[in-house]
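K.L.:
I'm passing along start-v8.cif; it holds mmCIF, C-alpha atoms (C1' of nucleotides).
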data_start
#
loop_
_atom_site.label_atom_id
_atom_site.label_comp_id
_atom_site.auth_asym_id
_atom_site.auth_seq_id
_atom_site.Cartn_x
_atom_site.Cartn_y
_atom_site.Cartn_z
CA MET A 53 139.90 56.09 83.60
CA SER A 54 141.71 58.42 85.96
CA GLN A 55 140.80 61.15 83.48
CA LYS A 56 137.19 60.09 83.56
CA GLU A 57 137.10 59.98 87.34
CA GLY A 58 138.69 63.40 87.47
CA ASN A 59 135.94 64.77 85.31
CA TYR A 60 133.34 63.15 87.50
CA ALA A 61 134.80 64.81 90.58
CA THR A 62 135.01 68.20 88.90
CA GLU A 63 131.47 67.94 87.63
CA GLN A 64 130.11 66.75 90.93
CA ARG A 65 131.84 69.58 92.76
CA GLY A 66 130.42 71.97 90.15
CA ARG A 67 126.91 70.70 90.80
CA ILE A 68 127.27 71.01 94.55
CA ARG A 69 128.65 74.52 94.18
CA GLN A 70 125.88 75.53 91.81
CA ASN A 71 123.20 74.54 94.32
CA ILE A 72 124.80 76.73 96.95
CA ILE A 73 125.29 79.56 94.48
CA ASP A 74 121.61 79.40 93.55
CA ALA A 75 120.64 79.52 97.20
CA ILE A 76 122.88 82.55 97.72
CA ALA A 77 121.35 84.27 94.69
CA GLU A 78 117.83 83.49 95.90
CA THR A 79 118.72 84.88 99.30
CA MET A 80 120.20 88.07 97.89
CA ASP A 81 117.10 88.50 95.75
CA LEU A 82 115.21 88.93 99.03
CA TYR A 83 117.15 92.10 99.74
CA GLY A 84 116.74 93.68 96.35
CA ALA A 85 119.87 92.48 94.58
CA THR A 86 119.47 91.44 90.97
CA HIS A 87 119.66 87.75 90.23
CA SER A 88 122.88 88.23 88.28
CA SER A 89 124.59 90.04 91.11
CA GLY A 90 123.63 87.22 93.42
CA GLN A 91 124.99 84.58 91.09
CA LEU A 92 128.16 86.55 90.58
CA TYR A 93 128.73 86.90 94.30
CA GLY A 94 128.19 83.16 94.65
CA ILE A 95 130.82 82.43 92.02
CA MET A 96 133.28 84.84 93.56
CA PHE A 97 132.61 83.40 97.00
CA PHE A 98 133.86 79.99 95.90
CA GLU A 99 136.70 81.35 93.82
CA ASP A 100 139.67 81.64 96.09
CA ARG A 101 141.58 84.17 94.08
CA PRO A 102 140.55 87.63 92.92
CA MET A 103 138.80 87.77 89.56
CA THR A 104 138.94 90.07 86.56
CA LEU A 105 135.97 91.29 84.54
CA ASP A 106 136.93 88.95 81.72
CA GLU A 107 136.88 85.95 83.99
CA MET A 108 133.45 86.94 85.30
CA LYS A 109 132.26 87.38 81.75
CA ILE A 110 133.28 83.83 80.93
CA ARG A 111 131.95 82.28 84.13
CA MET A 112 128.63 84.10 83.93
CA ASN A 113 128.42 83.84 80.16
CA MET A 114 127.48 87.49 79.93
CA SER A 115 128.74 90.70 78.43
CA LYS A 116 131.66 92.51 79.99
CA SER A 117 129.56 95.61 80.10
CA ASN A 118 127.07 93.87 82.31
CA MET A 119 129.78 92.42 84.52
CA SER A 120 131.12 95.90 85.04
CA TYR A 121 127.66 96.96 86.13
CA ALA A 122 127.02 93.92 88.34
CA VAL A 123 130.36 94.02 90.10
CA ARG A 124 129.94 97.71 90.79
CA SER A 125 126.69 97.10 92.59
CA LEU A 126 128.41 94.41 94.65
CA VAL A 127 131.26 96.77 95.49
CA GLU A 128 128.76 99.45 96.47
CA SER A 129 127.03 97.10 98.87
CA GLN A 130 130.48 96.00 100.07
CA MET A 131 129.94 92.34 99.28
CA VAL A 132 132.98 92.55 97.01
CA LYS A 133 136.19 94.52 97.33
CA LYS A 134 138.16 96.10 94.50
CA LEU A 135 141.83 95.41 95.04
CA GLU A 136 144.50 98.07 94.81
CA GLU A 137 146.78 96.12 92.50
CA LYS A 138 146.04 95.06 88.97
CA GLN A 139 146.87 91.94 87.00
CA GLU A 140 148.16 92.62 83.51
CA ARG A 141 146.30 95.90 83.31
CA LYS A 142 143.09 94.28 84.56
CA GLU A 143 141.40 95.29 87.74
CA LEU A 144 140.92 92.62 90.38
CA TYR A 145 137.87 91.97 92.52
CA ALA A 146 137.54 89.66 95.51
CA ALA A 147 134.39 88.56 97.31
CA GLU A 148 134.04 89.18 101.00
CA VAL A 149 134.06 85.52 102.02
CA ASP A 150 133.47 86.15 105.70
CA PHE A 151 129.67 86.05 106.02
CA PHE A 152 129.83 87.91 109.31
CA LEU A 153 131.61 90.81 107.68
CA ALA A 154 129.33 90.66 104.68
CA PHE A 155 126.30 90.89 106.96
CA GLN A 156 127.86 93.75 108.88
CA ASN A 157 128.79 95.68 105.75
CA PHE A 158 125.57 95.09 103.92
CA PHE A 159 123.13 95.98 106.67
CA THR A 160 125.18 98.81 108.08
CA LEU A 161 125.09 100.41 104.66
CA LYS A 162 121.43 99.77 103.85
CA LEU A 163 120.11 100.74 107.25
CA GLN A 164 122.26 103.86 107.32
CA ARG A 165 120.88 104.89 103.97
CA GLU A 166 117.36 104.34 105.28
CA ILE A 167 118.12 106.41 108.38
CA ASN A 168 119.51 109.23 106.28
CA VAL A 169 116.59 109.35 103.86
CA MET A 170 113.97 109.16 106.58
CA THR A 171 115.49 111.49 109.14
CA GLU A 172 116.09 114.09 106.47
CA SER A 173 112.53 113.96 105.31
CA ILE A 174 111.13 113.89 108.83
CA SER A 175 113.35 116.83 109.81
CA LYS A 176 111.95 118.81 106.92
CA ALA A 177 108.36 117.85 107.65
CA LEU A 178 108.29 118.55 111.39
CA PRO A 179 108.73 122.35 111.26
CA GLU A 180 106.29 122.59 108.35
CA LEU A 181 103.71 120.65 110.29
CA THR A 182 104.35 122.71 113.42
CA GLU A 183 103.90 125.86 111.38
CA LEU A 184 100.59 124.55 110.10
CA ILE A 185 99.36 123.66 113.58
CA LEU A 186 100.29 127.08 114.93
CA ASP A 187 98.49 128.80 112.07
CA GLN A 188 95.57 130.71 113.61
CA HIS A 189 93.47 130.50 110.47
CA ILE A 190 92.97 126.76 110.33
CA SER A 191 90.01 124.92 111.80
CA ASP A 192 90.19 122.75 114.90
CA GLN A 193 89.54 119.73 112.77
CA GLU A 194 92.47 120.52 110.50
CA ARG A 195 94.65 121.22 113.50
CA ASN A 196 93.81 117.87 115.02
CA LEU A 197 94.57 116.04 111.81
CA ALA A 198 97.91 117.81 111.58
CA LEU A 199 98.59 116.97 115.22
CA GLN A 200 97.99 113.29 114.55
CA ASP A 201 100.53 113.42 111.74
CA LEU A 202 102.94 115.20 114.04
CA TYR A 203 102.71 112.42 116.62
CA LYS A 204 103.38 109.85 113.93
CA LEU A 205 106.47 111.69 112.81
CA ARG A 206 107.69 112.04 116.39
CA HIS A 207 107.30 108.32 116.77
CA GLY A 208 109.32 107.92 113.58
CA GLN A 209 111.99 110.18 114.95
CA THR A 210 112.26 108.07 118.10
CA TYR A 211 112.47 104.94 116.00
CA TYR A 212 115.26 106.30 113.83
CA GLU A 213 117.21 107.37 116.90
CA TRP A 214 116.99 103.81 118.07
CA LEU A 215 117.88 102.47 114.62
CA GLN A 216 120.97 104.71 114.55
CA GLN A 217 122.11 103.21 117.83
CA PHE A 218 121.41 99.77 116.47
CA VAL A 219 123.53 100.48 113.39
CA ASN A 220 126.32 101.90 115.52
CA ALA A 221 126.33 98.76 117.63
CA LEU A 222 126.33 96.64 114.49
CA LYS A 223 129.30 98.62 113.18
CA ARG A 224 131.19 98.04 116.39
CA GLY A 225 130.52 94.32 116.08
CA GLU A 226 128.52 94.14 119.32
CA TYR A 227 126.18 91.49 118.02
CA PHE A 228 129.00 89.14 117.06
CA LYS A 229 130.41 88.93 120.57
CA ASP A 230 129.60 85.29 121.26
CA PHE A 231 130.60 83.98 117.88
CA SER A 232 134.09 84.90 116.84
CA SER A 233 134.52 85.84 113.23
CA PRO A 234 137.29 84.00 111.34
CA ILE A 235 139.03 87.29 110.83
CA ASP A 236 139.34 88.93 114.23
CA CYS A 237 140.21 92.58 113.77
CA MET B 136 87.46 132.59 103.15
CA SER B 137 87.35 130.06 105.95
CA GLN B 138 86.63 127.54 103.19
CA LYS B 139 89.66 128.70 101.28
CA GLU B 140 91.91 128.53 104.32
CA GLY B 141 90.64 125.06 105.07
CA ASN B 142 91.68 123.94 101.60
CA TYR B 143 95.09 125.45 102.08
CA ALA B 144 95.59 123.50 105.28
CA THR B 145 94.39 120.26 103.72
CA GLU B 146 96.61 120.71 100.72
CA GLN B 147 99.63 121.67 102.79
CA ARG B 148 99.15 118.65 105.02
CA GLY B 149 98.80 116.54 101.88
CA ARG B 150 102.11 117.84 100.55
CA ILE B 151 103.90 117.19 103.82
CA ARG B 152 102.47 113.70 103.98
CA GLN B 153 103.41 112.98 100.39
CA ASN B 154 107.05 113.81 101.05
CA ILE B 155 107.14 111.37 103.93
CA ILE B 156 105.29 108.74 101.92
CA ASP B 157 107.82 109.08 99.11
CA ALA B 158 110.66 108.68 101.58
CA ILE B 159 109.02 105.56 103.00
CA ALA B 160 108.55 104.13 99.51
CA GLU B 161 112.16 104.90 98.61
CA THR B 162 113.29 103.20 101.79
CA MET B 163 111.19 100.11 101.19
CA ASP B 164 112.56 99.94 97.65
CA LEU B 165 115.93 99.28 99.28
CA TYR B 166 114.65 96.01 100.67
CA GLY B 167 113.04 94.71 97.53
CA ALA B 168 109.49 96.00 97.93
CA THR B 169 107.85 97.36 94.81
CA HIS B 170 107.37 101.09 94.62
CA SER B 171 103.58 100.71 94.76
CA SER B 172 103.70 98.62 97.89
CA GLY B 173 105.87 101.25 99.49
CA GLN B 174 103.50 104.05 98.55
CA LEU B 175 100.53 102.03 99.74
CA TYR B 176 102.14 101.36 103.09
CA GLY B 177 102.88 105.07 103.39
CA ILE B 178 99.25 105.96 102.75
CA MET B 179 98.01 103.37 105.20
CA PHE B 180 100.53 104.52 107.77
CA PHE B 181 98.97 107.99 107.86
CA GLU B 182 95.41 106.74 107.62
CA ASP B 183 94.23 106.18 111.14
CA ARG B 184 91.46 103.79 110.33
CA PRO B 185 91.55 100.46 108.50
CA MET B 186 91.13 100.64 104.75
CA THR B 187 89.27 98.62 102.15
CA LEU B 188 90.57 97.64 98.73
CA ASP B 189 88.25 100.18 97.13
CA GLU B 190 89.66 102.99 99.24
CA MET B 191 93.19 101.97 98.32
CA LYS B 192 92.19 101.85 94.69
CA ILE B 193 90.97 105.44 94.88
CA ARG B 194 93.91 106.74 96.91
CA MET B 195 96.48 105.04 94.72
CA ASN B 196 94.56 105.61 91.51
CA MET B 197 95.12 102.01 90.49
CA SER B 198 93.13 98.92 89.70
CA LYS B 199 91.54 96.91 92.48
CA SER B 200 93.30 93.85 91.14
CA ASN B 201 96.62 95.48 91.70
CA MET B 202 95.66 96.68 95.16
CA SER B 203 94.75 93.13 96.05
CA TYR B 204 98.21 92.08 94.94
CA ALA B 205 100.04 94.93 96.65
CA VAL B 206 98.27 94.59 99.95
CA ARG B 207 98.89 90.88 99.99
CA SER B 208 102.61 91.41 99.69
CA LEU B 209 102.39 93.88 102.59
CA VAL B 210 100.44 91.38 104.67
CA GLU B 211 102.99 88.69 103.86
CA SER B 212 105.82 90.86 105.08
CA GLN B 213 103.67 91.77 108.07
CA MET B 214 103.78 95.49 107.43
CA VAL B 215 99.98 95.41 107.23
CA LYS B 216 97.43 93.33 109.12
CA LYS B 217 94.17 91.96 107.74
CA LEU B 218 91.45 92.51 110.30
CA GLU B 219 89.04 89.81 111.40
CA GLU B 220 85.93 91.90 110.94
CA LYS B 221 84.59 93.29 107.70
CA GLN B 222 82.89 96.53 106.81
CA GLU B 223 79.86 96.14 104.60
CA ARG B 224 81.20 92.92 103.12
CA LYS B 225 84.59 94.52 102.48
CA GLU B 226 87.75 93.26 104.07
CA LEU B 227 89.69 95.70 106.21
CA TYR B 228 93.43 96.24 106.32
CA ALA B 229 95.45 98.30 108.77
CA ALA B 230 99.09 99.31 108.59
CA GLU B 231 101.42 98.39 111.40
CA VAL B 232 102.07 101.95 112.54
CA ASP B 233 104.61 101.03 115.20
CA PHE B 234 107.93 101.20 113.36
CA PHE B 235 109.59 99.06 116.01
CA LEU B 236 107.13 96.25 115.42
CA ALA B 237 107.35 96.71 111.65
CA PHE B 238 111.13 96.36 111.85
CA GLN B 239 110.84 93.32 114.07
CA ASN B 240 108.26 91.63 111.85
CA PHE B 241 109.93 92.46 108.59
CA PHE B 242 113.46 91.40 109.42
CA THR B 243 112.48 88.42 111.49
CA LEU B 244 110.59 87.12 108.48
CA LYS B 245 113.20 87.92 105.83
CA LEU B 246 116.17 86.70 107.81
CA GLN B 247 114.34 83.52 108.81
CA ARG B 248 113.60 82.82 105.17
CA GLU B 249 117.27 83.35 104.36
CA ILE B 250 118.32 81.02 107.16
CA ASN B 251 115.91 78.33 105.96
CA VAL B 252 116.99 78.50 102.33
CA MET B 253 120.68 78.54 103.13
CA THR B 254 120.78 75.95 105.89
CA GLU B 255 118.74 73.56 103.81
CA SER B 256 121.04 73.91 100.87
CA ILE B 257 124.17 73.70 103.02
CA SER B 258 122.81 70.62 104.80
CA LYS B 259 122.31 68.95 101.46
CA ALA B 260 125.72 69.93 100.15
CA LEU B 261 127.85 68.90 103.13
CA PRO B 262 127.33 65.13 102.94
CA GLU B 263 127.71 65.19 99.16
CA LEU B 264 130.96 67.03 99.49
CA THR B 265 132.14 64.70 102.23
CA GLU B 266 131.29 61.74 100.03
CA LEU B 267 133.36 63.26 97.24
CA ILE B 268 136.33 63.88 99.50
CA LEU B 269 136.25 60.32 100.83
CA ASP B 270 136.09 58.88 97.32
CA GLN B 271 139.32 56.91 96.80
CA HIS B 272 139.30 57.47 93.04
CA ILE B 273 139.73 61.22 92.96
CA SER B 274 143.05 63.01 92.69
CA ASP B 275 144.70 64.90 95.53
CA GLN B 276 144.09 68.11 93.66
CA GLU B 277 140.38 67.43 93.38
CA ARG B 278 140.25 66.42 97.02
CA ASN B 279 141.88 69.66 98.06
CA LEU B 280 139.49 71.74 95.99
CA ALA B 281 136.55 69.91 97.54
CA LEU B 282 138.07 70.43 100.99
CA GLN B 283 138.28 74.16 100.40
CA ASP B 284 134.60 74.20 99.51
CA LEU B 285 133.85 72.18 102.61
CA TYR B 286 135.55 74.74 104.83
CA LYS B 287 133.55 77.50 103.22
CA LEU B 288 130.31 75.68 103.87
CA ARG B 289 131.30 75.00 107.47
CA HIS B 290 131.94 78.69 107.87
CA GLY B 291 128.49 79.31 106.40
CA GLN B 292 126.98 76.87 108.86
CA THR B 293 128.56 78.70 111.78
CA TYR B 294 127.30 81.98 110.42
CA TYR B 295 123.73 80.73 110.09
CA GLU B 296 123.81 79.35 113.61
CA TRP B 297 124.73 82.82 114.74
CA LEU B 298 122.09 84.42 112.52
CA GLN B 299 119.45 82.11 113.98
CA GLN B 300 120.36 83.29 117.46
CA PHE B 301 120.27 86.85 116.23
CA VAL B 302 116.78 86.36 114.82
CA ASN B 303 115.61 84.68 118.02
CA ALA B 304 116.87 87.64 120.02
CA LEU B 305 115.17 90.01 117.60
CA LYS B 306 111.93 88.08 118.01
CA ARG B 307 112.16 88.33 121.77
CA GLY B 308 112.64 92.08 121.45
CA GLU B 309 116.12 92.05 123.03
CA TYR B 310 117.39 94.86 120.86
CA PHE B 311 114.57 97.21 121.83
CA LYS B 312 115.37 97.08 125.52
CA ASP B 313 116.54 100.67 125.94
CA PHE B 314 113.84 102.24 123.83
CA SER B 315 110.34 101.33 124.85
CA SER B 316 107.93 100.68 122.04
CA PRO B 317 104.64 102.62 122.18
CA ILE B 318 102.81 99.34 122.49
CA ASP B 319 104.41 97.45 125.36
CA CYS B 320 103.32 93.85 125.18
"C1'" DA C 25 67.65 79.30 97.24
"C1'" DT C 26 68.53 83.51 94.92
"C1'" DT C 27 70.86 87.57 94.31
"C1'" DA C 28 74.41 91.04 94.85
"C1'" DG C 29 78.84 92.15 95.37
"C1'" DT C 30 83.75 91.20 97.00
"C1'" DG C 31 88.39 89.44 96.28
"C1'" DT C 32 91.49 87.04 93.31
"C1'" DA C 33 93.34 84.20 89.35
"C1'" DC C 34 94.85 84.65 84.92
"C1'" DA C 35 95.89 86.35 80.40
"C1'" DA C 36 96.99 90.55 77.99
"C1'" DT C 37 99.24 94.89 78.13
"C1'" DA C 38 102.29 98.45 79.75
"C1'" DT C 39 106.25 99.71 82.07
"C1'" DT C 40 110.56 99.05 84.14
"C1'" DT C 41 114.74 96.79 84.57
"C1'" DT C 42 118.40 94.13 82.80
"C1'" DT C 43 121.48 92.96 79.19
"C1'" DT C 44 124.04 93.75 75.09
"C1'" DG C 45 126.85 96.11 71.53
"C1'" DT C 46 129.49 99.85 70.45
"C1'" DA C 47 132.29 103.67 70.93
"C1'" DC C 48 135.45 106.22 73.42
"C1'" DG C 49 138.33 108.29 77.30
"C1'" DG C 50 142.14 107.19 79.76
"C1'" DA C 51 145.71 104.31 81.94
"C1'" DA C 52 149.52 101.13 81.33
"C1'" DT C 53 153.09 99.55 78.15
"C1'" DG C 54 156.79 99.91 75.04
"C1'" DC D 184 155.00 109.82 72.51
"C1'" DA D 185 152.56 106.34 70.25
"C1'" DT D 186 150.07 102.32 70.87
"C1'" DT D 187 147.39 98.94 73.07
"C1'" DC D 188 143.80 97.56 75.68
"C1'" DC D 189 140.79 98.10 79.88
"C1'" DG D 190 136.55 99.80 81.92
"C1'" DT D 191 132.44 102.27 81.41
"C1'" DA D 192 128.83 105.40 79.37
"C1'" DC D 193 125.10 105.27 76.51
"C1'" DA D 194 121.55 103.81 73.30
"C1'" DA D 195 119.16 99.87 71.60
"C1'" DA D 196 117.25 95.30 72.38
"C1'" DA D 197 115.68 91.70 75.32
"C1'" DA D 198 113.74 90.08 79.45
"C1'" DA D 199 111.37 90.54 83.61
"C1'" DT D 200 108.04 92.77 86.38
"C1'" DA D 201 104.11 95.48 87.38
"C1'" DT D 202 99.49 96.78 86.07
"C1'" DT D 203 95.02 96.26 84.07
"C1'" DG D 204 90.66 94.11 82.57
"C1'" DT D 205 87.79 90.36 82.77
"C1'" DA D 206 85.76 86.37 84.44
"C1'" DC D 207 84.57 83.62 88.12
"C1'" DA D 208 84.41 81.44 92.72
"C1'" DC D 209 82.72 82.42 97.05
"C1'" DT D 210 80.72 84.96 100.84
"C1'" DA D 211 77.04 87.60 102.75
"C1'" DA D 212 72.54 89.45 102.49
"C1'" DT D 213 67.73 89.07 101.01
#
For the file at hand, write its structure as structure tokens.
P.N.:
Amino acid sequence: MSQKEGNYATEQRGRIRQNIIDAIAETMDLYGATHSSGQLYGIMFFEDRPMTLDEMKIRMNMSKSNMSYAVRSLVESQMVKKLEEKQERKELYAAEVDFFLAFQNFFTLKLQREINVMTESISKALPELTELILDQHISDQERNLALQDLYKLRHGQTYYEWLQQFVNALKRGEYFKDFSSPIDC
Amino acid sequence: MSQKEGNYATEQRGRIRQNIIDAIAETMDLYGATHSSGQLYGIMFFEDRPMTLDEMKIRMNMSKSNMSYAVRSLVESQMVKKLEEKQERKELYAAEVDFFLAFQNFFTLKLQREINVMTESISKALPELTELILDQHISDQERNLALQDLYKLRHGQTYYEWLQQFVNALKRGEYFKDFSSPIDC
DNA sequence: ATTAGTGTACAATATTTTTTGTACGGAATG
DNA sequence: CATTCCGTACAAAAAATATTGTACACTAAT
């Protein structure tokens, strides 16, 4: 009977966990993560010790190859950290369990990538557009159209300057002031 | 010759625009938008007047059916607004050209959805977990495992309370204080 | 009312993305 | 130094997603 009850508890805890894991996966889907990555993060979130690829493979019931791929994407978005030490030759991975840090890491990275892509392309476009506007051969109509585009890009530039400041503040933890993160450092 | 020069200008402007549009699409890819939606938003961003489905179809060289689908996803994420009035029976859509507002709309919506999904699932899980912990039949080991999960969920709850405040502040435009948005209202 | 024409649902198709299996380079072990 | 075994690259297969075509409901004009 004690055995039976033990199983009940384990199963019940498994069900409760799975609901949360599904919610996490659904949530991560929103930001472009694959469903598998989301599930994997959910599993690692509840696991209190670092995991190896083989463990993930078993828990996710998927190929090791795919786990390698999934965990890499999580490491890249800094939702998971690769540990320095190994366990019997196997590399160890641990989820970032502090949601505040996960938020900070994830959005800092994504927004910074956006800023880089957009500012680079705007920086290239602005002189080209200016050149076009200054060209004496083009018609007034063409010049006006080009000018409209120029204003749009200038607006974009202003926006990305703001976004850079926003990201910097996020990096510094400004927005977490009121709520203290479990890990204060 | 003036004709020829005019074509040059139009084509050059088209090339410059296309680079920016590609960058926008790449950027929106990061947040889970489809590539087509990203391209479509880019086109609409540069277009200064509202567009109809047929115009989109031509500009994107895609089926009207698909444009209907793509524009709906943009309207849902509030990157594009459906106008009240029609033009010769056709519905009109206009891009949100203010990047500050687009940011505000987009993230307010996505983060709020995340908050709703997660808080609902955490709210369901907490009493179940508490029930399990209070169960007199389970072993100490099981109880401790359930307790660990409980702490994780409580941490999640704290995080989502913070995130809700963050979203509220974003809605109120707190983070735009220093930079004034083109449309101040 | 009748007609014309728009937007969308839905099934079929095309394309992209994810997943797997396998093979191999390279690091840890003896 | 040889051997074992881990992690990943890569091609093939499977699954998911995006796109199209068609049909139809519904709105707007006649």
K.L.:
Quick one: pull the distance between C1' of DA206 in chain D and CA of Asn201 in chain B, Å, one decimal.
P.N.:
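Value for the C1' of DA206 in chain D-CA of Asn201 in chain B distance: 15.9 Å.
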K.L.:
Can you translate the PyMOL selection byres ((chain B and resi 263) around 12) into the concrete residues it hits in this file, as a compact mmCIF listing (two decimals) with C-alpha atoms, in the frame of the given file?
P.N.:
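Writing done, so here's result_21.txt:
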# COMPACT_ATOMS: atom_id res chain seq x y z
CA ALA A 61 134.80 64.81 90.58
CA GLN A 64 130.11 66.75 90.93
CA ARG A 65 131.84 69.58 92.76
CA GLY A 66 130.42 71.97 90.15
CA ARG A 67 126.91 70.70 90.80
CA ILE A 68 127.27 71.01 94.55
CA ARG A 69 128.65 74.52 94.18
CA ASN A 71 123.20 74.54 94.32
CA SER B 256 121.04 73.91 100.87
CA ILE B 257 124.17 73.70 103.02
CA SER B 258 122.81 70.62 104.80
CA LYS B 259 122.31 68.95 101.46
CA ALA B 260 125.72 69.93 100.15
CA LEU B 261 127.85 68.90 103.13
CA PRO B 262 127.33 65.13 102.94
CA LEU B 264 130.96 67.03 99.49
CA THR B 265 132.14 64.70 102.23
CA GLU B 266 131.29 61.74 100.03
CA LEU B 267 133.36 63.26 97.24
CA ILE B 268 136.33 63.88 99.50
CA LEU B 269 136.25 60.32 100.83
CA ASP B 270 136.09 58.88 97.32
CA ALA B 281 136.55 69.91 97.54
CA LEU B 282 138.07 70.43 100.99
CA ASP B 284 134.60 74.20 99.51
CA LEU B 285 133.85 72.18 102.61
CA LEU B 288 130.31 75.68 103.87
K.L.:
One decimal, in Å: what's the spacing between CA of Met170 in chain A and CA of Ala221 in chain A?
P.N.:
19.6 Å
K.L.:
Given the PyMOL selection byres ((chain B) within 8 of (chain D)) and the file above, list the residues it selects as a count of residues only.
P.N.:
4
K.L.:
With the PyMOL selection byres ((chain B) within 12 of (chain C)) as the selection, what would be picked from this file? Answer as a list in words, please.
P.N.:
Thr169, His170, Thr187, Leu188, Asp189, Lys199, Ser200, Asn201, Met202, Ser203, Tyr204, Val206, Arg207, Lys221, Gln222, Glu223, Arg224, Lys225, Glu226 and Leu227 of chain B
K.L.:
Within 12 Å of (125.0, 84.6, 115.9), in the coordinates the file gives, what residues turn up when you count only C-alpha atoms (C1' of nucleotides), written out as a list in words?
P.N.:
Phe151, Phe152, Phe155, Gln156, Gly225, Glu226, Tyr227, Phe228, Lys229, Asp230, Phe231, Ser232 and Ser233 of chain A; Ile250, Gly291, Gln292, Thr293, Tyr294, Tyr295, Glu296, Trp297, Leu298, Gln299, Gln300, Phe301, Val302, Asn303, Ala304 and Leu305 of chain B
K.L.:
In Å, with one decimal, what is the gap from CA of Leu175 in chain B to CA of Gly84 in chain A?
P.N.:
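Computing it gives 18.5 Å between the two atoms.
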K.L.:
Quick one: what's the axis-aligned box for range 38-46 of chain C, all listed atoms, 3 Å on every side, centre and edges in Å to one decimal, as lines of an AutoDock Vina configuration file?
P.N.:
center_x = 115.9
center_y = 96.4
center_z = 77.5
size_x = 33.2
size_y = 12.9
size_z = 20.1
K.L.:
Point out the residue among B:Lys245, B:Arg289, B:Arg194, B:Lys306 with the least atom-to-atom distance to chain A, counting all atoms listed in the file.
P.N.:
B:Lys245
K.L.:
From the options B:Asp233, B:Thr145, B:Lys192, B:Ser171, which residue's atoms come nearest to Ser208 in chain B, counting all atoms listed in the file?
P.N.:
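Smallest separation from Ser208 in chain B among the options: B:Ser171.
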